[in-house]
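Presented below is the structure to which this report refers.
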Amino acid sequence: MKQLKLMIISVLLTLTGVTTADSDSVDKRQTIHLDDEERNIVLTEMRTFLSTIQQITQGIVNEDLGKVSSAAKAMGNDASGGVPLSLIFKLPFDFKLLAADTHQKFDQIALDADSLADRDHALEQVAVLMQNCVACHALYRIELEDD
C-alpha cells in the first residue's frame, strides 16, 4: 500500500511539474494551427484521455482491475479512428507518434489488467503513459488558424 501511495504522489508531482515551469519565459512550444472543428476534435480526445486516466486510477484505488481494463480498452487503438484526413495532414509527425503510442499504452494497460491483475503494475503503467501527456503538452500548443 505504501508503494501505491508513493506511485500516486509521483504521478501527481509529474503533473504539477508542468504547471510550475517559469511562466515568464517565452512559450517555445511548436504551434499547431487548426480550424475550430479540428481543434475541438484534438481537445476532446485529450479530455477523454484525462477522464480515462481518472477512471483507471479509481479502478486501481478500488482494487477493481476489471474497471481498469474496460476503461483502458475504451481508449486503446480502436478509439484512434475517425480522424478527418485534413486534421491528420496538419498534425506534426511526432505528435501523431505520441498519440499512437498513447493509444497503444492504453491497450497494454487493459491487457495487463486482465492477465496480471496487479494494481502496482497498472499504476506504473499509468505513470509511464502520463509521460506522453506531459511531453505532448510541453512540446505543442494548438491555436486557431487564420481565416
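In the C-alpha cells, chains take the letters A, B, ... in the order shown, each chain's residues start at 1, and ligands count up from 1 in the order shown.
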
- [ ] Would you please give, as a ChimeraX atom specification, all residues of chain A that DSSP assigns to helix (DSSP H, G or I) based on the backbone?
- [x] /A:2-19,36-61,65-74,77-80,85-90,93-115,119-139

Task: Who sits within 10 Å of region 135-140 of chain A, only C-alpha atoms, same chain under 4 positions skipped, as a ChimeraX atom specification - done: /A:18,21,27-32,92,94-95,98-99,130-131

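Considering the residues A:Val26, A:Ala122, A:Val83, A:Leu34 and counting only C-alpha atoms, Lys67 (chain A) has its shortest atom-to-atom contact with A:Ala122.
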
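Among A:Ile60, A:Ala72, A:Leu111, A:Ile41, the residue with the shortest atom-to-atom distance to Ser86 (chain A), counting only C-alpha atoms, is A:Ile41.
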
Selection: 8 Å around Asp114 (chain A), only C-alpha atoms, excl. self and same-chain fewer than 6 positions, as a PDB file with N, CA and C atoms, in the first residue's frame:
ATOM      1  N   LEU A  65      -9.695  -4.300 -11.044  1.00  0.00           N
ATOM      2  CA  LEU A  65      -8.905  -4.386 -12.268  1.00  0.00           C
ATOM      3  C   LEU A  65      -9.786  -4.569 -13.491  1.00  0.00           C
ATOM      4  N   GLY A  66     -11.022  -5.017 -13.300  1.00  0.00           N
ATOM      5  CA  GLY A  66     -11.980  -5.076 -14.409  1.00  0.00           C
ATOM      6  C   GLY A  66     -12.308  -3.673 -14.912  1.00  0.00           C
ATOM      7  N   SER A  69      -9.301  -2.346 -16.793  1.00  0.00           N
ATOM      8  CA  SER A  69      -9.249  -2.922 -18.138  1.00  0.00           C
ATOM      9  C   SER A  69     -10.282  -2.300 -19.064  1.00  0.00           C
TER      10      SER A  69
END

- [ ] List the neighbours of Glu45 (chain A) out to 12 Å using only C-alpha atoms; skip same-chain residues closer than 3 positions along the sequence, and give me the result as a PyMOL selection string.
- [x] chain A and resi 38-42+48-52+74-76+79-83+99+102-103+133

Output the selection as an mmCIF file, in the first residue's frame - C-alpha atoms for each residue.
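Contents of the output file part.cif:
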data_model
loop_
_atom_site.group_PDB
_atom_site.id
_atom_site.type_symbol
_atom_site.label_atom_id
_atom_site.label_comp_id
_atom_site.auth_asym_id
_atom_site.auth_seq_id
_atom_site.Cartn_x
_atom_site.Cartn_y
_atom_site.Cartn_z
ATOM 1 C CA GLU A 38 -10.214 20.119 -35.872
ATOM 2 C CA ARG A 39 -9.167 21.859 -32.670
ATOM 3 C CA ASN A 40 -12.284 20.568 -30.920
ATOM 4 C CA ILE A 41 -11.515 17.006 -32.062
ATOM 5 C CA VAL A 42 -7.993 17.139 -30.616
ATOM 6 C CA THR A 48 -11.110 11.864 -22.864
ATOM 7 C CA PHE A 49 -7.530 10.694 -22.179
ATOM 8 C CA LEU A 50 -7.646 12.537 -18.861
ATOM 9 C CA SER A 51 -11.079 11.191 -17.949
ATOM 10 C CA THR A 52 -9.961 7.657 -18.803
ATOM 11 C CA ALA A 74 -12.061 2.110 -24.491
ATOM 12 C CA MET A 75 -9.105 4.413 -25.274
ATOM 13 C CA GLY A 76 -6.912 1.829 -26.987
ATOM 14 C CA ALA A 79 -10.538 4.580 -30.308
ATOM 15 C CA SER A 80 -7.983 6.233 -32.586
ATOM 16 C CA GLY A 81 -10.036 6.020 -35.784
ATOM 17 C CA GLY A 82 -12.373 8.511 -37.344
ATOM 18 C CA VAL A 83 -9.954 11.432 -37.540
ATOM 19 C CA ALA A 99 -0.914 9.894 -29.935
ATOM 20 C CA THR A 102 -0.667 6.673 -26.043
ATOM 21 C CA HIS A 103 -3.469 4.559 -27.547
ATOM 22 C CA CYS A 133 0.702 13.557 -21.943
#

Open item on the list: Run DSSP on the backbone and tell me which residues of region 18-127 of chain A come out as strand (DSSP E); list them as a PyMOL selection string.
Closed with: chain A and resi 30-34

Go ahead and save the residues from that selection, with N, CA and C atoms, as a PDB file, in the first residue's frame.
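That gives us selection-v7.pdb:
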ATOM      1  N   GLN A  30       5.894  24.169 -30.149  1.00  0.00           N
ATOM      2  CA  GLN A  30       5.508  24.248 -31.548  1.00  0.00           C
ATOM      3  C   GLN A  30       4.009  24.509 -31.630  1.00  0.00           C
ATOM      4  N   THR A  31       3.636  25.474 -32.441  1.00  0.00           N
ATOM      5  CA  THR A  31       2.227  25.806 -32.607  1.00  0.00           C
ATOM      6  C   THR A  31       1.631  24.951 -33.713  1.00  0.00           C
ATOM      7  N   ILE A  32       0.504  24.351 -33.422  1.00  0.00           N
ATOM      8  CA  ILE A  32      -0.262  23.607 -34.414  1.00  0.00           C
ATOM      9  C   ILE A  32      -1.501  24.444 -34.715  1.00  0.00           C
ATOM     10  N   HIS A  33      -1.635  24.851 -35.975  1.00  0.00           N
ATOM     11  CA  HIS A  33      -2.776  25.680 -36.386  1.00  0.00           C
ATOM     12  C   HIS A  33      -3.877  24.781 -36.950  1.00  0.00           C
ATOM     13  N   LEU A  34      -5.044  24.847 -36.330  1.00  0.00           N
ATOM     14  CA  LEU A  34      -6.180  24.034 -36.739  1.00  0.00           C
ATOM     15  C   LEU A  34      -7.421  24.897 -36.861  1.00  0.00           C
TER      16      LEU A  34
END

- [ ] In Å, rounded to a single decimal, give me how far CA of Asn132 (chain A) is from CA of Ser70 (chain A).
- [x]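 If I compute the distance from CA of Ser70 (chain A) to CA of Asn132 (chain A), I get 20.6 Å.
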
TODO: Would you mind listing what lies within 12 Å of Ala113 (chain A) as a ChimeraX atom specification, with only C-alpha atoms counted and same-chain residues fewer than 4 positions away left out?
DONE: /A:56,59-60,63-73,106-109,117-126

Next, write the just-selected residues to a file, as a PDB file, in the first residue's frame, keeping C-alpha atoms as the atom set.
ATOM      1  CA  ILE A  56      -8.209   3.756 -14.382  1.00  0.00           C
ATOM      2  CA  GLY A  59     -10.180   1.277 -10.509  1.00  0.00           C
ATOM      3  CA  ILE A  60      -6.689   0.849  -9.065  1.00  0.00           C
ATOM      4  CA  GLU A  63      -8.858  -2.799  -6.465  1.00  0.00           C
ATOM      5  CA  ASP A  64     -11.180  -3.230  -9.453  1.00  0.00           C
ATOM      6  CA  LEU A  65      -8.905  -4.386 -12.268  1.00  0.00           C
ATOM      7  CA  GLY A  66     -11.980  -5.076 -14.409  1.00  0.00           C
ATOM      8  CA  LYS A  67     -12.741  -1.349 -14.347  1.00  0.00           C
ATOM      9  CA  VAL A  68      -9.083  -0.610 -15.130  1.00  0.00           C
ATOM     10  CA  SER A  69      -9.249  -2.922 -18.138  1.00  0.00           C
ATOM     11  CA  SER A  70     -12.572  -1.680 -19.512  1.00  0.00           C
ATOM     12  CA  ALA A  71     -11.622   1.989 -19.167  1.00  0.00           C
ATOM     13  CA  ALA A  72      -8.215   1.464 -20.771  1.00  0.00           C
ATOM     14  CA  LYS A  73      -9.643  -0.687 -23.566  1.00  0.00           C
ATOM     15  CA  PHE A 106      -3.983   2.134 -23.015  1.00  0.00           C
ATOM     16  CA  ASP A 107      -4.306  -1.213 -24.828  1.00  0.00           C
ATOM     17  CA  GLN A 108      -1.364  -2.616 -22.868  1.00  0.00           C
ATOM     18  CA  ILE A 109      -2.848  -1.455 -19.568  1.00  0.00           C
ATOM     19  CA  ALA A 117      -4.430  -8.239 -12.129  1.00  0.00           C
ATOM     20  CA  ASP A 118      -1.601  -6.335 -10.420  1.00  0.00           C
ATOM     21  CA  ARG A 119      -2.506  -2.873  -9.095  1.00  0.00           C
ATOM     22  CA  ASP A 120       1.094  -1.752  -8.667  1.00  0.00           C
ATOM     23  CA  HIS A 121       1.917  -2.733 -12.243  1.00  0.00           C
ATOM     24  CA  ALA A 122      -1.159  -0.893 -13.539  1.00  0.00           C
ATOM     25  CA  LEU A 123      -0.194   2.242 -11.630  1.00  0.00           C
ATOM     26  CA  GLU A 124       3.341   2.065 -13.003  1.00  0.00           C
ATOM     27  CA  GLN A 125       1.856   1.837 -16.488  1.00  0.00           C
ATOM     28  CA  VAL A 126      -0.290   4.922 -15.834  1.00  0.00           C
TER      29      VAL A 126
END

Task: Residue nearest Ala127 (chain A) among A:Asp78, A:Ile53, A:Glu145, A:Ser25 (counting only C-alpha atoms) - done: A:Ile53

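Minimum distance to Ala110 (chain A) across A:Asn77, A:Leu85, A:Leu91, A:Val134 (counting only C-alpha atoms) occurs at A:Asn77.
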